[in-house]
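J.: Once you've had a glance at the structure underneath, I'll fire off some questions.
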Number of protein chains: 2
Amino acid sequence: MFDLLATDGSARRGRLTTAHGSIETPVFMPCGTYGTVKAMTPDGLVEAGTQILLGNTFHLMLRPGDEAIRELGGLHRFMNWSRPILTDSGGFQVWSLGELRKISERGVVFRSPVNGDRVELTPERSMAVQRHLGSDVVMVFDECTPYPASEAEARASMQLSLRWAQRCRDSYGESDAQVDPGLLFGIVQGGMYDGLRRESLDGLLVQDFDGYAIGGLSVGESKAEMDQVLRGLLPHMPAGRPRYLMGVGTPADLVRGVELGVDMFDCVMPTRNARNGYAFTSRGTLKIRNARHRLAQEPLDPECGCYTCRNFSRAYLHHLDRCGEMLGSMLMTQHNLFYYHSLMSRLRDSIETGTFRILIETLQTRWNSRNESV
Amino acid sequence: MFDLLATDGSARRGRLTTAHGSIETPVFMPCGTYGTVKAMTPDGLVEAGTQILLGNTFHLMLRPGDEAIRELGGLHRFMNWSRPILTDSGGFQVWSLGELRKISERGVVFRSPVNGDRVELTPERSMAVQRHLGSDVVMVFDECTPYPASEAEARASMQLSLRWAQRCRDSYGESDAQVDPGLLFGIVQGGMYDGLRRESLDGLLVQDFDGYAIGGLSVGESKAEMDQVLRGLLPHMPAGRPRYLMGVGTPADLVRGVELGVDMFDCVMPTRNARNGYAFTSRGTLKIRNARHRLAQEPLDPECGCYTCRNFSRAYLHHLDRCGEMLGSMLMTQHNLFYYHSLMSRLRDSIETGTFRILIETLQTRWNSRNESV
């Protein structure tokens with residue numbers, strides 16, 4: 001189900017096959033929290049180059065509820081998205097509730113932020129929810145280790161995640177045979193400790209998953225710490241399985257991740273930043289609210305071929321942002337996703353042709369030379 | 001520039017030709033207040049069937065400013081809309097400010113709701129602004145007569161509007177010869193008084209405009225009063241010029257207007273109601289937030305061919321509405337505009353084929369039989 005097509009250094013060019021089609025990797029997955037990538041139609045996503053998107057188990061089990069989505073034919077049909085969907089396990093969002101949740105060996109109990117109901121999420125329940133959604137790539141239910149954490153805390157948390165992963169594995173094997181079960185990915189935890197990360201990976205390898213994710217990053221650590229974890233872990237991950245770096249990141253983070261051998265990424269950054277008026281461009285990040293764009297005839301990025309850049313000036317986007325018009329969020333999101341997907345496409349091409357290093361040097365030069373003219 | 005192609009009773013099938021192309025009438029014009037029809041891309045508007053849209057002089061002169069839009073190549077280029085644009089004169093919005101504005105013979109002075117600046121709008125200034133925007137159909141600057149108003153008040157207001165109309169005419173004739181001047185429409189006022197409406201029309205006819213609008217309706221009067229004004233006025237309006245009923249209305253209002261001989265309409269209703277969760281359908285109005293749509297697999301309107309109805313269930317739209325997701329507003333707006341434009345298209349066809357009466361009886365039967373199943 002995962003074919004490694006080419007490598008260039010540690011960077012990998014692959015293809016992941018799912019029940020809803022193949023995904024060319026390295027790939028970026030936009031976040032479709034509530035069954036919609038905010039401000040985007042499915043057609044717009046396809047136009048932007050989206051191959052696979054992420055759905056949030058935590059959000060969808062609360063609204064409209066996983067039973068409702070199952071009854072309506074699954075998440076693909078519900079949101080009219082025929083390409084693959086990866087669902088997270090709900091673990092990270094529950095963990096983010098902080099004092100509002102209580103963790104035990106059995107799972108997590110929390111108050112619904114929507115209506116205050118008591119809700120329980122366990123490894124078994126997370127698997128059931130993701131089956132109801134009809135996910136193509138299912139993530140195990142894990143505990144995100146806090147940052148900072150002592151080695152003892154990180155070990156205890158990682159070991160709990162391993163036990164939960166086994167319960168997910170066991171529960172997932174009991175899937176309704178009528179439903180395509182999708183792929184099941186394990187998640188490596190262990191905080192900032194290389195030894196614990198290795199232990200976590202080894203434990204998951206014994207359990208045997210279709211792919212392996214790296215969790216517990218982008219939680220407040222420095223770029224250097226993230227880099228250290230990735231450099232310590234990735235060389236030990238199995239070459240024949242996809243590697244997914246969860247919740248990361250900036251364009252530079254994606255390039256670095258690919259360089260170290262990551263295949264899959266997700267992040268709210270391109271969509272959320274778009275709604276807040278920030279555009280990613282070939283020359284760096286641009287804040288559209290800045291007064292210098294008031295009369296600017298040029299597009300966000302003269303090198304970009306997206307719908308927004310082909311049709312609208314910075315001046316117009318500046319105006320929409322100032323007026324709080326929805327179209328501003330729509331056009332900025334279209335651009336940022338196109339930018340992210342195009343970047344991944346260029347990375348894929350460069351790995352195939354053995355020009356990865358040249359490409360990242362070119363990109364870094366452009367980003368470093370960004371200035372007030374962006 | 002206006003060709004009357006067919007009639008059926010008082011209903012008219014025509015074609016209005018402008019610098020940016022022809023418009024088949026009767027026509028509905030969506031409101032693009034700040035240079036965007038809220039929640040719609042230009043491509044989406046074309047897909048919904050929009051032939052011409054309305055831009056608001058009042059809003060655009062405040063943000064981003066008419067000089068800015070002129071510098072950026074005009075409103076069409078600014079918002080990437082290549083079809084015709086009609087601009088209002090700003091009169092109605094200024095009038096709606098109530099105590100915040102001061103009216104004199106010269107014009108209106110008001111405080112900008114955006115930044116508190118003192119702003120003056122006069123007949124001459126309104127013409128200049130609309131020229132800067134590059135409008136295809138320019139409206140004269142008028143005073144909207146309050147409702148209710150005594151006959152003396154309505155007469156004084158109507159006469160002021162007539163004097164302003166002449167100043168618009170004079171000022172408009174001095175347009176920069178390099179710019180296509182567009183069409184200039186007069187606006188009939190006179191409150192609910194048939195005699196004053198006739199006087200207003202006669203005065204405007206002497207001044208000679210490219211089209212004639214009916215203003216001062218949808219300001220709080222009853223449907224019966226509006227109907228009476230239309231019945232009293234329309235038979236006297238010149239057959240060879242387009243007739244525009246401003247700010248109206250519901251689907252039933254549009255059908256009634258066409259029946260009485262109106263050619264053009266604008267209203268925020270399809271777009272605003274969409275964002276508030278109301279859909280217009282062949283069986284009446286539907287409130288998507290209603291709990292009975294939670295698991296409804298069918299589209300908003302099984303008879304509708306719009307992007308929304310072809311691709312999404314009521315259950316999904318209900319979910320998006322509950323979650324406050326932008327995509328809900330986008331899809332509901334797409335549907336409502338498609339519904340309005342399709343209704344006008346059916347009215348046009350029926351006038352051509354002499355089946356107008358049959359069509360409106362069919363429509364009224366459907367609307368009257370609407371029930372909880374909608």
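Naming works like this for the structure tokens: A, B, ... for the chains as they're shown, residue 1 at the start of each chain, ligands 1 onward in shown order.
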Tell me as a list in words which residues belonging to chain B come within 6 Å of chain A, counting only C-alpha atoms.
T.: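 Residues of chain B within 6 Å of chain A, counting only C-alpha atoms: Ala39, Met326 and Leu327 of chain B.
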J.: Go through range 194-304 of chain A and collect every residue that DSSP, computed from the backbone, puts in alpha helix (DSSP H); the answer should be as a VMD selection string.
T.: chain A and resid 194 to 207 223 to 233 251 to 260 269 to 275
J.: For Ser22 in chain B, which residue among B:Thr362, B:Thr281, B:Gln51, B:Asn336 is the nearest when counting only C-alpha atoms?
T.: B:Gln51
J.: Take CA of Leu60 in chain A and CA of Val140 in chain A and report the distance between them in Å, one decimal.
T.: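 These two atoms are separated by 16.4 Å.
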J.: Can you tell me, as an MDAnalysis selection string, what residues are no more than 9 Å from range 128-136 of chain B when counting only C-alpha atoms, ignoring any on the same chain fewer than 3 positions away?
T.: chainID B and resid 18:20 55 57 60:61 65:71 73:76 84:89 123:125 139 171:172 175:176 179:184
J.: Could you give me the residues within range 132-225 of chain A that DSSP places in strand (DSSP E or B), as a ChimeraX atom specification?
T.: /A:137-139,183-188,211-214
J.: Could you list, as number ranges by chain, every residue within 12 Å of range 145-147 of chain A, counting only C-alpha atoms and ignoring same-chain residues fewer than 4 positions away?
T.: A: 91-92, 95-96, 98, 151-161, 187-193, 196-197, 214-222, 225-226
J.: Kindly export the residues of the current selection with N, CA and C atoms, as a short mmCIF file (atom, residue, chain, number, x, y, z; two decimals), in the first residue's frame.
T.:
```cif
data_model
loop_
_atom_site.label_atom_id
_atom_site.label_comp_id
_atom_site.auth_asym_id
_atom_site.auth_seq_id
_atom_site.Cartn_x
_atom_site.Cartn_y
_atom_site.Cartn_z
N GLY A 91 -7.20 12.38 20.33
CA GLY A 91 -6.33 12.46 21.50
C GLY A 91 -5.75 13.85 21.71
N PHE A 92 -5.24 14.44 20.64
CA PHE A 92 -4.59 15.74 20.79
C PHE A 92 -5.57 16.82 21.24
N TRP A 95 -6.52 16.34 24.86
CA TRP A 95 -5.38 16.76 25.66
C TRP A 95 -5.33 18.29 25.76
N SER A 96 -5.69 18.97 24.66
CA SER A 96 -5.65 20.43 24.63
C SER A 96 -6.69 21.07 25.54
N GLY A 98 -6.92 20.65 28.56
CA GLY A 98 -6.27 20.97 29.83
C GLY A 98 -7.07 20.49 31.02
N GLU A 151 11.84 13.27 32.23
CA GLU A 151 11.98 12.00 31.52
C GLU A 151 11.02 10.95 32.09
N ALA A 152 10.83 10.99 33.41
CA ALA A 152 9.91 10.02 34.03
C ALA A 152 8.47 10.26 33.55
N GLU A 153 8.08 11.54 33.51
CA GLU A 153 6.73 11.86 33.02
C GLU A 153 6.56 11.43 31.57
N ALA A 154 7.57 11.75 30.76
CA ALA A 154 7.49 11.43 29.34
C ALA A 154 7.45 9.93 29.13
N ARG A 155 8.18 9.17 29.95
CA ARG A 155 8.19 7.71 29.82
C ARG A 155 6.82 7.14 30.18
N ALA A 156 6.26 7.61 31.31
CA ALA A 156 4.96 7.09 31.73
C ALA A 156 3.90 7.37 30.67
N SER A 157 3.96 8.58 30.13
CA SER A 157 2.98 8.97 29.11
C SER A 157 3.16 8.13 27.85
N MET A 158 4.40 7.95 27.44
CA MET A 158 4.69 7.17 26.23
C MET A 158 4.23 5.72 26.39
N GLN A 159 4.44 5.17 27.60
CA GLN A 159 4.04 3.78 27.83
C GLN A 159 2.53 3.62 27.84
N LEU A 160 1.84 4.63 28.39
CA LEU A 160 0.37 4.62 28.33
C LEU A 160 -0.07 4.62 26.86
N SER A 161 0.56 5.48 26.05
CA SER A 161 0.21 5.55 24.62
C SER A 161 0.45 4.20 23.93
N ILE A 187 1.46 6.10 16.51
CA ILE A 187 2.02 7.43 16.77
C ILE A 187 3.16 7.32 17.78
N VAL A 188 4.34 7.75 17.35
CA VAL A 188 5.51 7.74 18.23
C VAL A 188 5.44 8.92 19.20
N GLN A 189 5.55 8.64 20.51
CA GLN A 189 5.65 9.70 21.50
C GLN A 189 7.01 9.61 22.19
N GLY A 190 7.13 10.24 23.34
CA GLY A 190 8.41 10.17 24.06
C GLY A 190 9.03 11.53 24.34
N GLY A 191 8.25 12.59 24.10
CA GLY A 191 8.73 13.94 24.42
C GLY A 191 10.01 14.26 23.67
N MET A 192 10.92 14.94 24.34
CA MET A 192 12.14 15.41 23.68
C MET A 192 13.30 14.44 23.94
N TYR A 193 12.99 13.22 24.38
CA TYR A 193 14.02 12.26 24.78
C TYR A 193 14.22 11.21 23.69
N LEU A 196 13.51 7.56 24.63
CA LEU A 196 12.08 7.24 24.75
C LEU A 196 11.42 7.18 23.38
N ARG A 197 11.83 8.04 22.50
CA ARG A 197 11.28 8.01 21.13
C ARG A 197 11.58 6.66 20.48
N ILE A 214 4.72 10.82 13.88
CA ILE A 214 5.51 11.41 14.95
C ILE A 214 4.62 12.45 15.62
N GLY A 215 4.22 12.15 16.86
CA GLY A 215 3.33 13.04 17.60
C GLY A 215 4.10 13.83 18.64
N GLY A 216 3.40 14.72 19.32
CA GLY A 216 3.99 15.43 20.44
C GLY A 216 5.00 16.50 20.05
N LEU A 217 4.96 16.92 18.78
CA LEU A 217 5.82 18.06 18.38
C LEU A 217 4.91 19.25 18.05
N SER A 218 5.53 20.42 17.86
CA SER A 218 4.76 21.67 17.71
C SER A 218 3.89 21.93 18.95
N VAL A 219 4.43 21.63 20.12
CA VAL A 219 3.69 21.84 21.37
C VAL A 219 4.37 22.86 22.27
N GLY A 220 5.30 23.63 21.70
CA GLY A 220 5.96 24.66 22.48
C GLY A 220 7.48 24.54 22.47
N GLU A 221 8.00 23.43 21.97
CA GLU A 221 9.45 23.23 21.94
C GLU A 221 10.10 24.15 20.89
N SER A 222 11.43 24.27 20.98
CA SER A 222 12.15 25.09 20.00
C SER A 222 12.31 24.32 18.70
N GLU A 225 14.97 21.73 19.11
CA GLU A 225 14.53 20.49 19.77
C GLU A 225 13.76 19.60 18.81
N MET A 226 12.86 20.22 18.03
CA MET A 226 12.11 19.42 17.05
C MET A 226 13.07 18.74 16.09
#
```
J.: When you count only C-alpha atoms, which of these residues is closest to Ser200 in chain A: A:His236, A:Leu162, A:Val229, A:Phe58?
T.: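 Checking each candidate against Ser200 in chain A, we get A:Leu162 as the closest.
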J.: Taking only C-alpha atoms into account, produce a table as a Markdown table in which each residue of range 18-55 of chain A with an atom at most 12 Å from an atom of range 253-261 of chain A appears once, together with its shortest atom pair and the distance in Å to one decimal, ordered by chain and rising number.
T.:
```
| residue | atom | partner | partner_atom | distance |
| --- | --- | --- | --- | --- |
| A:Thr25 | CA | A:Val258 | CA | 9.6 |
| A:Pro26 | CA | A:Val258 | CA | 6.9 |
| A:Val27 | CA | A:Leu254 | CA | 9.5 |
| A:Phe28 | CA | A:Leu254 | CA | 8.5 |
| A:Met29 | CA | A:Leu254 | CA | 11.6 |
```
J.: Print the selection's residues with C-alpha atoms to a file, as a PDB file, in the first residue's frame.
T.:
```
ATOM      1  CA  THR A  25       4.154  11.831  -1.225  1.00  0.00           C
ATOM      2  CA  PRO A  26       5.604  13.936   0.292  1.00  0.00           C
ATOM      3  CA  VAL A  27       2.138  15.404   0.796  1.00  0.00           C
ATOM      4  CA  PHE A  28       0.529  18.208   2.790  1.00  0.00           C
ATOM      5  CA  MET A  29      -2.970  17.599   4.203  1.00  0.00           C
TER       6      MET A  29
END
```
J.: Between B:Val268, B:Leu97, B:Leu54, B:Ala252, single out the one closest to Arg366 in chain B, counting only C-alpha atoms.
T.: B:Ala252
J.: Show which residues sit within 12 Å of Arg310 in chain B, as JSON, numbers by chain. Count only C-alpha atoms, and ignore same-chain residues fewer than 4 positions away.
T.: {"A": [80], "B": [297, 298, 299, 300, 301, 302, 303, 304, 305, 306, 314, 331, 334, 335]}
J.: Could you tell me how far CA of Ile52 in chain B sits from CA of Leu4 in chain B, in Å to one decimal place?
T.: 18.3 Å
